[in-house]
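Q: Here it is: the structure, laid out below.
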There are 2 protein chains.
Amino acid sequence: MGFRERLEQAWALQNSLVCVGLDTDVRKIPLHLRDRPEHLAVRRFNEDIVRACAPYCSVFKLQFAFYLEAGLVQVVIDTIAFIRQHYPNHVIILDAKWGDVKETAKAYQRFGSGLLNYDAVTLWPGTGSESMRPFFDDPEHGAIFVCRTSNPGSPELQDAPVFIGYDDGTRAAKTEPYWFWQGKQIAHWNQHGNVGLVMGATFPGELRQMREAVGDDMFSLNPGIGAQTKEQGIENPIQAAVEAGQDSSGKGMIINSSRGIIFASSGEDYAEAAARETERLRDEINRFRIRQEVTR
Amino acid sequence: MGFRERLEQAWALQNSLVCVGLDTDVRKIPLHLRDRPEHLAVRRFNEDIVRACAPYCSVFKLQFAFYLEAGLVQVVIDTIAFIRQHYPNHVIILDAKWGDVKETAKAYQRFGSGLLNYDAVTLWPGTGSESMRPFFDDPEHGAIFVCRTSNPGSPELQDAPVFIGYDDGTRAAKTEPYWFWQGKQIAHWNQHGNVGLVMGATFPGELRQMREAVGDDMFSLNPGIGAQTKEQGIENPIQAAVEAGQDSSGKGMIINSSRGIIFASSGEDYAEAAARETERLRDEINRFRIRQEVTR
């Protein structure tokens with residue numbers, strides 16, 4: 001089954017667009033788990049979170065940085081294997097934001113689809129299609145390119161005004177922001193439906209603009225819901241993001257929450273708290289979808 | 001000592017702008033080394049290359065992807081420790097091309113300057129200064145941002161025409177390519193002299209354009225010499241790159257060759273062959289520097 005089919009199936013079976021972000025910072029996991037070696041503590045935490053949240057989400061995403069920092073690459077491999085074994089219909093994304101020239105890109109691609117065994121990975125597209133081809137030409141795996149990041153400082157470089165021609169009447173220069181121009185270029189790489197864009201949930205206007213430009217062909221990964229929207233003081237962030245970013249079938253989005261779910265409680269009830277938060281998020285998202293499967 | 005001072009000192013002491021790229025793909029190391037466990041084979045290979053090439057280079061660069069792929073992150077740590085111990089004046093760059101939002105960027109930064117203990121790292125700048133600050137605000141470590149990559153496909157997204165105003169006379173729109181616009185923005189982040197740009201040696205015109213724009217303030221890391229210039233059929237690539245990219249003191253460049261040096265021979269003489277190739281490259285580069293220390 002190709003990646004896009006797997007994703008469509010996960011959305012439908014789970015009736016959920018929620019992605020649970022396993023940004024497992026070892027310094028933030030509950031104290032009572034830290035009575036064992038770090039790799040066992042993080043593995044246990046991840047497995048508990050996965051088990052508790054799986055009924056309410058369709059996707060899990062692992063943030064590679066936190067595992068690298070703690071020397072726990074093996075836990076990424078173990079957690080992915082655990083999800084595959086127990087929740088084979090869930091989609092697994094590695095958030096690594098790789099991006100390099102040809103031979104190096106190939107090395108990353110072999111590592112990701114081989115040893116790690118993920119379904120999809122996040123990537124910086126800057127080196128262009130000539131170098132990124134190993135990722136987007138593989139229909140079995142998703143290639144999710146950074147387009148509009150969720151952080152407050154993202155406009156600084158992403159909003160560079162790209163010249164696209166002159167206005168017929170006034171002869172003024174017409175421009176569009178770089179992130180948008182780039183996203184439309186990347187849409188041409190999407191020959192297998194497996195190409196997506198990282199579009200921060202914190203920018204609903206941009207989400208809508210991109211959806212209108214690419215129609216139903218592309219899906220987006222939407223970080224920033226939860227901790228980041230709170231920090232940035234955004235009102236009704238879920239309604240705004242879903243109304244702007246969904247496709248014509250009420251899908252097309254992978255809406256990620258990390259810290260807001262996995263660190264919802266720092267006590268012994270961390271897994272239940274994460275489950276409740278995932279369920280709450282699923283339900284709130286579903287209220288604003290134009291169409292959805294009937295909740296079982 | 002801050003990063004820039006360390007780099008200036010390495011250039012001067014070694015009278016060399018050469019960076020030896022330890023892109024150690026385990027499938028390409030000499031057969032006779034593969035009679036031992038992989039991590040020992042790669043460590044041995046790296047140590048032999050470092051020992052042989054150190055007299056002729058100022059910088060070593062490790063391409064993270066190849067170590068990740070082989071499950072050999074520990075060898076990155078070991079190789080860096082080996083260089084620090086035996087060649088303390090050489091500068092060590094990790095080529096990881098990280099780039100993410102704030103909390104994640106901080107995790108990468110802690111990992112790099114902590115456990116890995118590098119001098120500098122390559123980064124994608126797209127999330128902007130708000131997220132990249134942990135890297136460029138640390139004067140002890142270099143932050144080298146991807147600007148113009150060395151691959152033939154780099155113009156696809158990097159040459160987007162950014163609108164910068166109207167021509168006074170004709171009222172035509174004036175534009176500059178995105179990579180250039182972005183590089184000048186990044187120059188504002190360089191408050192400690194520790195910020196550099198990845199500028200492919202395969203694009204001498206662009207190297208010159210950037211040098212003219214930023215003066216002596218920035219240094220550049222220049223991949224693509226060797227294997228890539230050969231593949232792309234570029235004539236006199238070293239002369240072209242050095243004449244275009246050096247600063248007013250004949251320095252300011254970190255000219256990287258990887259495969260061309262470390263896989264110069266696949267026989268038992270791999271270390272000697274690498275040394276000869278590094279020396280040859282140093283000497284050819286030095287022929288085109290406008291000023292240099294007297295070769296010892």
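Chain lettering (A, B, ...) mirrors the order of the structure tokens, residue numbering begins at 1 for each chain separately, and ligand numbering begins at 1 in order of display.
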May I have a table of the residues of chain A lying at most 7 Å from chain B, giving each one's closest pair of atoms and their distance in Å to one decimal, counting only C-alpha atoms, ordered by chain and ascending residue number, as JSON lines?

A:
{"residue": "A:Ala65", "atom": "CA", "partner": "B:Tyr108", "partner_atom": "CA", "distance": 5.7}
{"residue": "A:Phe66", "atom": "CA", "partner": "B:Ala107", "partner_atom": "CA", "distance": 6.1}
{"residue": "A:Glu69", "atom": "CA", "partner": "B:Phe111", "partner_atom": "CA", "distance": 4.6}
{"residue": "A:Lys97", "atom": "CA", "partner": "B:Gly99", "partner_atom": "CA", "distance": 6.8}
{"residue": "A:Gly99", "atom": "CA", "partner": "B:Lys97", "partner_atom": "CA", "distance": 6.7}
{"residue": "A:Val101", "atom": "CA", "partner": "B:Asn151", "partner_atom": "CA", "distance": 6.2}
{"residue": "A:Thr104", "atom": "CA", "partner": "B:Ala65", "partner_atom": "CA", "distance": 6.3}
{"residue": "A:Ala107", "atom": "CA", "partner": "B:Ala65", "partner_atom": "CA", "distance": 6.0}
{"residue": "A:Tyr108", "atom": "CA", "partner": "B:Ala65", "partner_atom": "CA", "distance": 5.7}
{"residue": "A:Phe111", "atom": "CA", "partner": "B:Glu69", "partner_atom": "CA", "distance": 4.6}
{"residue": "A:Gly126", "atom": "CA", "partner": "B:Leu157", "partner_atom": "CA", "distance": 6.0}
{"residue": "A:Thr127", "atom": "CA", "partner": "B:Ser154", "partner_atom": "CA", "distance": 5.0}
{"residue": "A:Gly128", "atom": "CA", "partner": "B:Glu156", "partner_atom": "CA", "distance": 5.7}
{"residue": "A:Ser129", "atom": "CA", "partner": "B:Gly153", "partner_atom": "CA", "distance": 7.0}
{"residue": "A:Glu130", "atom": "CA", "partner": "B:Gly153", "partner_atom": "CA", "distance": 5.3}
{"residue": "A:Thr149", "atom": "CA", "partner": "B:Thr127", "partner_atom": "CA", "distance": 6.6}
{"residue": "A:Asn151", "atom": "CA", "partner": "B:Val101", "partner_atom": "CA", "distance": 6.1}
{"residue": "A:Gly153", "atom": "CA", "partner": "B:Glu130", "partner_atom": "CA", "distance": 5.2}
{"residue": "A:Ser154", "atom": "CA", "partner": "B:Thr127", "partner_atom": "CA", "distance": 5.0}
{"residue": "A:Glu156", "atom": "CA", "partner": "B:Gly128", "partner_atom": "CA", "distance": 5.7}
{"residue": "A:Leu157", "atom": "CA", "partner": "B:Gly128", "partner_atom": "CA", "distance": 6.0}
{"residue": "A:Gln158", "atom": "CA", "partner": "B:Gly126", "partner_atom": "CA", "distance": 6.6}
{"residue": "A:Ala160", "atom": "CA", "partner": "B:Val162", "partner_atom": "CA", "distance": 6.4}
{"residue": "A:Pro161", "atom": "CA", "partner": "B:Val162", "partner_atom": "CA", "distance": 5.4}
{"residue": "A:Val162", "atom": "CA", "partner": "B:Val162", "partner_atom": "CA", "distance": 4.4}
{"residue": "A:Phe163", "atom": "CA", "partner": "B:Phe163", "partner_atom": "CA", "distance": 5.2}
{"residue": "A:Ala173", "atom": "CA", "partner": "B:Ala173", "partner_atom": "CA", "distance": 6.3}
{"residue": "A:Gln182", "atom": "CA", "partner": "B:Leu157", "partner_atom": "CA", "distance": 6.7}

Q: Can you pull out every residue from segment 134-269 of chain B that DSSP, working from the backbone, puts in strand (DSSP E), and format the result as a PyMOL selection string?

A: chain B and resi 142-148+161-166+173-177+195-199+219-222+253-257

Q: Could those selected residues go to a file with N, CA and C atoms, as a compact mmCIF listing (two decimals), in the first residue's frame?

A:
# COMPACT_ATOMS: atom_id res chain seq x y z
N GLY B 142 30.72 28.03 15.95
CA GLY B 142 30.34 28.60 14.66
C GLY B 142 28.95 28.12 14.24
N ALA B 143 28.21 29.01 13.57
CA ALA B 143 26.89 28.68 13.03
C ALA B 143 26.95 28.96 11.53
N ILE B 144 26.93 27.90 10.74
CA ILE B 144 27.18 28.04 9.30
C ILE B 144 25.88 27.73 8.56
N PHE B 145 25.26 28.77 8.01
CA PHE B 145 23.92 28.63 7.44
C PHE B 145 23.97 28.32 5.94
N VAL B 146 23.14 27.38 5.55
CA VAL B 146 23.05 27.01 4.13
C VAL B 146 22.56 28.22 3.35
N CYS B 147 23.28 28.57 2.29
CA CYS B 147 22.91 29.73 1.48
C CYS B 147 22.78 29.30 0.02
N ARG B 148 23.92 28.92 -0.61
CA ARG B 148 23.91 28.42 -1.98
C ARG B 148 24.55 27.04 -1.97
N PRO B 161 13.21 34.94 -7.60
CA PRO B 161 13.54 36.38 -7.71
C PRO B 161 12.83 37.20 -6.64
N VAL B 162 13.60 37.72 -5.69
CA VAL B 162 13.02 38.54 -4.62
C VAL B 162 12.97 40.00 -5.07
N PHE B 163 11.79 40.57 -4.96
CA PHE B 163 11.56 41.97 -5.37
C PHE B 163 12.20 42.92 -4.38
N ILE B 164 13.08 43.81 -4.87
CA ILE B 164 13.75 44.74 -3.94
C ILE B 164 13.48 46.21 -4.26
N GLY B 165 12.64 46.49 -5.26
CA GLY B 165 12.33 47.89 -5.57
C GLY B 165 12.27 48.12 -7.07
N TYR B 166 12.08 49.38 -7.47
CA TYR B 166 11.97 49.71 -8.89
C TYR B 166 13.22 50.43 -9.35
N ALA B 173 10.88 46.36 -12.30
CA ALA B 173 11.12 45.74 -11.00
C ALA B 173 12.56 45.26 -10.91
N LYS B 174 13.21 45.54 -9.78
CA LYS B 174 14.55 45.00 -9.54
C LYS B 174 14.43 43.81 -8.60
N THR B 175 15.16 42.75 -8.94
CA THR B 175 15.09 41.55 -8.09
C THR B 175 16.50 41.05 -7.78
N GLU B 176 16.58 40.23 -6.77
CA GLU B 176 17.82 39.48 -6.52
C GLU B 176 17.42 38.08 -6.10
N PRO B 177 18.32 37.10 -6.36
CA PRO B 177 17.93 35.71 -6.05
C PRO B 177 17.78 35.50 -4.54
N VAL B 195 29.38 33.59 12.53
CA VAL B 195 28.38 33.16 11.56
C VAL B 195 29.01 33.05 10.17
N GLY B 196 28.77 31.92 9.53
CA GLY B 196 29.27 31.71 8.17
C GLY B 196 28.15 31.25 7.25
N LEU B 197 28.48 31.11 5.97
CA LEU B 197 27.49 30.68 4.98
C LEU B 197 28.02 29.49 4.20
N VAL B 198 27.17 28.53 3.93
CA VAL B 198 27.52 27.47 2.98
C VAL B 198 27.35 28.04 1.58
N MET B 199 28.46 28.12 0.86
CA MET B 199 28.44 28.65 -0.51
C MET B 199 29.19 27.66 -1.38
N PHE B 219 32.68 34.35 6.94
CA PHE B 219 33.46 33.31 6.27
C PHE B 219 32.48 32.39 5.56
N SER B 220 33.00 31.60 4.62
CA SER B 220 32.11 30.66 3.95
C SER B 220 32.70 29.26 3.97
N LEU B 221 31.80 28.30 4.01
CA LEU B 221 32.17 26.88 3.88
C LEU B 221 31.83 26.49 2.45
N ASN B 222 32.83 25.95 1.74
CA ASN B 222 32.68 25.74 0.30
C ASN B 222 32.80 24.28 -0.07
N MET B 253 37.70 31.44 3.74
CA MET B 253 37.08 30.28 3.10
C MET B 253 37.47 28.98 3.81
N ILE B 254 36.52 28.08 3.86
CA ILE B 254 36.77 26.71 4.35
C ILE B 254 36.42 25.82 3.17
N ILE B 255 37.46 25.41 2.43
CA ILE B 255 37.24 24.74 1.15
C ILE B 255 37.26 23.23 1.37
N ASN B 256 36.12 22.63 1.22
CA ASN B 256 35.97 21.21 1.58
C ASN B 256 36.13 20.28 0.40
N SER B 257 36.88 19.22 0.60
CA SER B 257 36.86 18.09 -0.32
C SER B 257 36.68 16.83 0.53

Q: Have a look at atom CA of Asp269 of chain A and atom CA of Arg84 of chain A and let me know their distance in Å, one decimal.

A: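 Distance reported for this atom pair: 24.8 Å.
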
Q: One number please: atom CA of Ile49 of chain A to atom CA of Phe82 of chain A, in Å, one decimal.

A: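 Answer for the atom CA of Ile49 of chain A to atom CA of Phe82 of chain A separation: 11.6 Å.
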
Q: If you run DSSP on this backbone, which residues of segment 142-271 of chain B come out as alpha helix (DSSP H), and could you give them as a ChimeraX atom specification?

A: /B:155-158,178-187,204-214,227-231,237-245,259-262,270-271

Q: Those same residues, written as a compact mmCIF listing (two decimals), in the first residue's frame with N, CA and C atoms?

A:
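File produced: again_16.txt:
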# COMPACT_ATOMS: atom_id res chain seq x y z
N PRO B 155 19.71 25.94 -8.13
CA PRO B 155 18.95 27.13 -8.55
C PRO B 155 17.42 26.98 -8.46
N GLU B 156 16.92 25.76 -8.54
CA GLU B 156 15.47 25.57 -8.63
C GLU B 156 14.70 26.38 -7.58
N LEU B 157 15.05 26.25 -6.33
CA LEU B 157 14.35 27.00 -5.27
C LEU B 157 15.17 28.18 -4.76
N GLN B 158 16.48 28.11 -4.91
CA GLN B 158 17.35 29.15 -4.34
C GLN B 158 17.42 30.41 -5.20
N TYR B 178 16.87 34.60 -4.18
CA TYR B 178 16.56 34.36 -2.77
C TYR B 178 17.80 34.04 -1.94
N TRP B 179 18.70 33.19 -2.46
CA TRP B 179 19.87 32.80 -1.67
C TRP B 179 20.67 34.03 -1.26
N PHE B 180 20.74 35.03 -2.16
CA PHE B 180 21.54 36.23 -1.91
C PHE B 180 20.84 37.13 -0.90
N TRP B 181 19.54 37.32 -1.13
CA TRP B 181 18.72 38.10 -0.21
C TRP B 181 18.83 37.51 1.20
N GLN B 182 18.68 36.20 1.28
CA GLN B 182 18.72 35.51 2.57
C GLN B 182 20.09 35.61 3.23
N GLY B 183 21.15 35.46 2.44
CA GLY B 183 22.51 35.55 2.98
C GLY B 183 22.76 36.92 3.61
N LYS B 184 22.22 37.96 2.98
CA LYS B 184 22.41 39.31 3.55
C LYS B 184 21.62 39.50 4.84
N GLN B 185 20.44 38.87 4.92
CA GLN B 185 19.69 38.91 6.19
C GLN B 185 20.49 38.23 7.29
N ILE B 186 21.07 37.08 6.95
CA ILE B 186 21.81 36.30 7.94
C ILE B 186 23.04 37.08 8.42
N ALA B 187 23.59 37.92 7.55
CA ALA B 187 24.74 38.72 7.94
C ALA B 187 24.42 39.57 9.17
N PRO B 204 31.25 29.94 -8.61
CA PRO B 204 32.16 31.05 -8.32
C PRO B 204 31.50 32.43 -8.48
N GLY B 205 30.61 32.59 -9.42
CA GLY B 205 29.95 33.88 -9.60
C GLY B 205 29.19 34.29 -8.34
N GLU B 206 28.50 33.33 -7.76
CA GLU B 206 27.74 33.58 -6.54
C GLU B 206 28.66 33.84 -5.36
N LEU B 207 29.78 33.12 -5.32
CA LEU B 207 30.77 33.33 -4.25
C LEU B 207 31.26 34.78 -4.27
N ARG B 208 31.54 35.27 -5.46
CA ARG B 208 32.05 36.64 -5.58
C ARG B 208 30.98 37.65 -5.17
N GLN B 209 29.75 37.40 -5.63
CA GLN B 209 28.64 38.31 -5.33
C GLN B 209 28.44 38.42 -3.81
N MET B 210 28.50 37.30 -3.12
CA MET B 210 28.29 37.31 -1.68
C MET B 210 29.46 37.97 -0.97
N ARG B 211 30.68 37.67 -1.41
CA ARG B 211 31.85 38.29 -0.78
C ARG B 211 31.80 39.81 -0.92
N GLU B 212 31.41 40.28 -2.09
CA GLU B 212 31.33 41.73 -2.30
C GLU B 212 30.26 42.35 -1.40
N ALA B 213 29.21 41.60 -1.13
CA ALA B 213 28.12 42.15 -0.31
C ALA B 213 28.47 42.18 1.17
N VAL B 214 29.18 41.17 1.66
CA VAL B 214 29.40 41.10 3.11
C VAL B 214 30.81 41.48 3.53
N ALA B 227 35.07 15.78 -6.26
CA ALA B 227 34.11 14.90 -6.93
C ALA B 227 33.01 15.71 -7.65
N GLN B 228 32.43 16.71 -6.97
CA GLN B 228 31.30 17.42 -7.57
C GLN B 228 31.70 18.30 -8.76
N THR B 229 32.85 19.01 -8.65
CA THR B 229 33.24 19.83 -9.80
C THR B 229 33.56 18.94 -11.01
N LYS B 230 34.13 17.76 -10.74
CA LYS B 230 34.39 16.83 -11.83
C LYS B 230 33.08 16.40 -12.49
N GLU B 231 32.11 15.97 -11.65
CA GLU B 231 30.82 15.53 -12.18
C GLU B 231 30.13 16.63 -12.98
N PRO B 237 38.31 24.71 -11.35
CA PRO B 237 37.37 25.06 -10.29
C PRO B 237 38.03 25.69 -9.07
N ILE B 238 39.25 25.30 -8.78
CA ILE B 238 39.90 25.83 -7.57
C ILE B 238 40.28 27.29 -7.75
N GLN B 239 40.90 27.57 -8.89
CA GLN B 239 41.25 28.96 -9.16
C GLN B 239 40.00 29.85 -9.13
N ALA B 240 38.96 29.39 -9.79
CA ALA B 240 37.74 30.19 -9.87
C ALA B 240 37.14 30.44 -8.49
N ALA B 241 37.11 29.39 -7.66
CA ALA B 241 36.49 29.54 -6.34
C ALA B 241 37.32 30.44 -5.44
N VAL B 242 38.64 30.22 -5.43
CA VAL B 242 39.49 31.00 -4.52
C VAL B 242 39.50 32.47 -4.92
N GLU B 243 39.66 32.74 -6.22
CA GLU B 243 39.69 34.14 -6.65
C GLU B 243 38.38 34.85 -6.32
N ALA B 244 37.29 34.10 -6.33
CA ALA B 244 35.98 34.72 -6.10
C ALA B 244 35.63 34.84 -4.62
N GLY B 245 36.07 33.87 -3.82
CA GLY B 245 35.53 33.78 -2.46
C GLY B 245 36.41 34.27 -1.34
N ARG B 259 35.06 13.05 -0.76
CA ARG B 259 35.38 11.82 -1.49
C ARG B 259 36.71 11.91 -2.22
N GLY B 260 37.03 13.08 -2.78
CA GLY B 260 38.26 13.28 -3.54
C GLY B 260 39.50 13.03 -2.70
N ILE B 261 39.39 13.26 -1.40
CA ILE B 261 40.53 13.03 -0.50
C ILE B 261 40.46 11.65 0.16
N ILE B 262 39.35 11.39 0.85
CA ILE B 262 39.37 10.20 1.72
C ILE B 262 39.27 8.90 0.94
N TYR B 270 45.65 4.11 1.49
CA TYR B 270 44.58 5.13 1.51
C TYR B 270 44.98 6.38 2.29
N ALA B 271 45.69 6.22 3.40
CA ALA B 271 46.04 7.39 4.20
C ALA B 271 47.08 8.25 3.49

Q: Go ahead and compute the interatomic distance for atom CA of Asp217 of chain A and atom CA of His192 of chain A, in Å to one decimal.

A: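 These atoms are spaced 9.7 Å apart.
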
Q: Would you pick out the contacts of segment 6-9 of chain A at 12 Å or less, using only C-alpha atoms, so that residues sharing its chain but fewer than 6 positions from it are not included, and give the list as a PyMOL selection string?

A: chain A and resi 15-19+57-60+88-93+119-120+139-142+193-196+218-221+249-254+293

Q: Atoms to include: N, CA and C atoms. Write the selected residues as a compact mmCIF listing (two decimals), in the first residue's frame.

A:
# COMPACT_ATOMS: atom_id res chain seq x y z
N ASN A 15 -11.16 8.10 12.40
CA ASN A 15 -11.96 9.32 12.39
C ASN A 15 -11.27 10.42 13.19
N SER A 16 -10.02 10.59 12.93
CA SER A 16 -9.23 11.56 13.70
C SER A 16 -8.12 12.13 12.83
N LEU A 17 -7.93 13.43 12.94
CA LEU A 17 -6.81 14.08 12.23
C LEU A 17 -5.66 14.37 13.20
N VAL A 18 -5.78 13.84 14.42
CA VAL A 18 -4.78 14.18 15.44
C VAL A 18 -3.50 13.38 15.27
N CYS A 19 -2.39 14.09 15.39
CA CYS A 19 -1.06 13.49 15.42
C CYS A 19 -0.49 13.74 16.81
N CYS A 57 -6.13 9.01 17.88
CA CYS A 57 -5.29 9.69 16.90
C CYS A 57 -5.07 8.78 15.69
N SER A 58 -4.58 9.34 14.62
CA SER A 58 -4.28 8.56 13.42
C SER A 58 -2.78 8.49 13.14
N VAL A 59 -2.03 9.41 13.73
CA VAL A 59 -0.61 9.54 13.41
C VAL A 59 0.20 9.75 14.69
N PHE A 60 1.40 9.17 14.71
CA PHE A 60 2.39 9.50 15.74
C PHE A 60 3.59 10.14 15.04
N PRO A 88 -0.81 -1.26 13.74
CA PRO A 88 -0.26 -1.28 12.38
C PRO A 88 -0.95 -0.31 11.42
N ASN A 89 -2.12 0.19 11.78
CA ASN A 89 -2.79 1.12 10.87
C ASN A 89 -2.44 2.58 11.14
N HIS A 90 -1.74 2.83 12.22
CA HIS A 90 -1.34 4.21 12.50
C HIS A 90 -0.12 4.58 11.66
N VAL A 91 -0.07 5.84 11.29
CA VAL A 91 1.02 6.35 10.46
C VAL A 91 2.11 6.93 11.37
N ILE A 92 3.37 6.69 11.00
CA ILE A 92 4.50 7.11 11.84
C ILE A 92 5.39 8.07 11.06
N ILE A 93 5.53 9.29 11.63
CA ILE A 93 6.36 10.32 10.99
C ILE A 93 7.58 10.58 11.85
N ASP A 119 7.10 5.82 8.28
CA ASP A 119 6.25 5.97 7.09
C ASP A 119 6.57 7.24 6.32
N ALA A 120 7.00 8.28 7.04
CA ALA A 120 7.23 9.58 6.40
C ALA A 120 8.23 10.37 7.21
N PRO A 139 6.94 6.08 -3.49
CA PRO A 139 5.51 6.20 -3.13
C PRO A 139 5.16 5.51 -1.81
N GLU A 140 6.03 4.63 -1.33
CA GLU A 140 5.76 3.92 -0.07
C GLU A 140 5.95 4.82 1.15
N HIS A 141 6.65 5.94 0.95
CA HIS A 141 6.97 6.80 2.09
C HIS A 141 6.57 8.25 1.80
N GLY A 142 6.10 8.93 2.83
CA GLY A 142 5.73 10.33 2.69
C GLY A 142 6.95 11.24 2.78
N GLY A 193 1.21 11.41 -4.79
CA GLY A 193 0.32 11.75 -3.67
C GLY A 193 0.98 11.69 -2.31
N ASN A 194 2.28 11.37 -2.31
CA ASN A 194 2.97 11.17 -1.03
C ASN A 194 3.67 12.41 -0.51
N VAL A 195 3.53 13.53 -1.22
CA VAL A 195 4.23 14.76 -0.82
C VAL A 195 3.29 15.66 -0.01
N GLY A 196 3.76 16.11 1.13
CA GLY A 196 3.00 17.03 1.97
C GLY A 196 3.84 18.25 2.32
N MET A 218 -2.58 17.82 -2.03
CA MET A 218 -1.52 17.77 -1.02
C MET A 218 -2.15 17.68 0.37
N PHE A 219 -1.44 17.04 1.26
CA PHE A 219 -1.81 17.07 2.67
C PHE A 219 -0.82 17.98 3.40
N SER A 220 -1.20 18.40 4.60
CA SER A 220 -0.27 19.22 5.37
C SER A 220 -0.11 18.67 6.78
N LEU A 221 1.08 18.86 7.31
CA LEU A 221 1.39 18.55 8.71
C LEU A 221 1.38 19.87 9.45
N SER A 249 -12.87 16.97 1.40
CA SER A 249 -13.49 15.82 2.07
C SER A 249 -13.33 15.91 3.59
N GLY A 250 -12.95 17.09 4.11
CA GLY A 250 -12.80 17.23 5.56
C GLY A 250 -11.58 16.51 6.11
N LYS A 251 -10.62 16.24 5.23
CA LYS A 251 -9.38 15.60 5.68
C LYS A 251 -8.19 16.44 5.18
N GLY A 252 -7.07 15.78 4.90
CA GLY A 252 -5.93 16.50 4.32
C GLY A 252 -5.01 17.15 5.34
N MET A 253 -5.31 16.98 6.64
CA MET A 253 -4.47 17.60 7.67
C MET A 253 -3.96 16.57 8.68
N ILE A 254 -2.75 16.78 9.13
CA ILE A 254 -2.16 15.99 10.22
C ILE A 254 -1.87 17.02 11.31
N GLU A 293 -16.14 10.60 9.07
CA GLU A 293 -16.72 9.27 9.27
C GLU A 293 -17.54 9.33 10.56
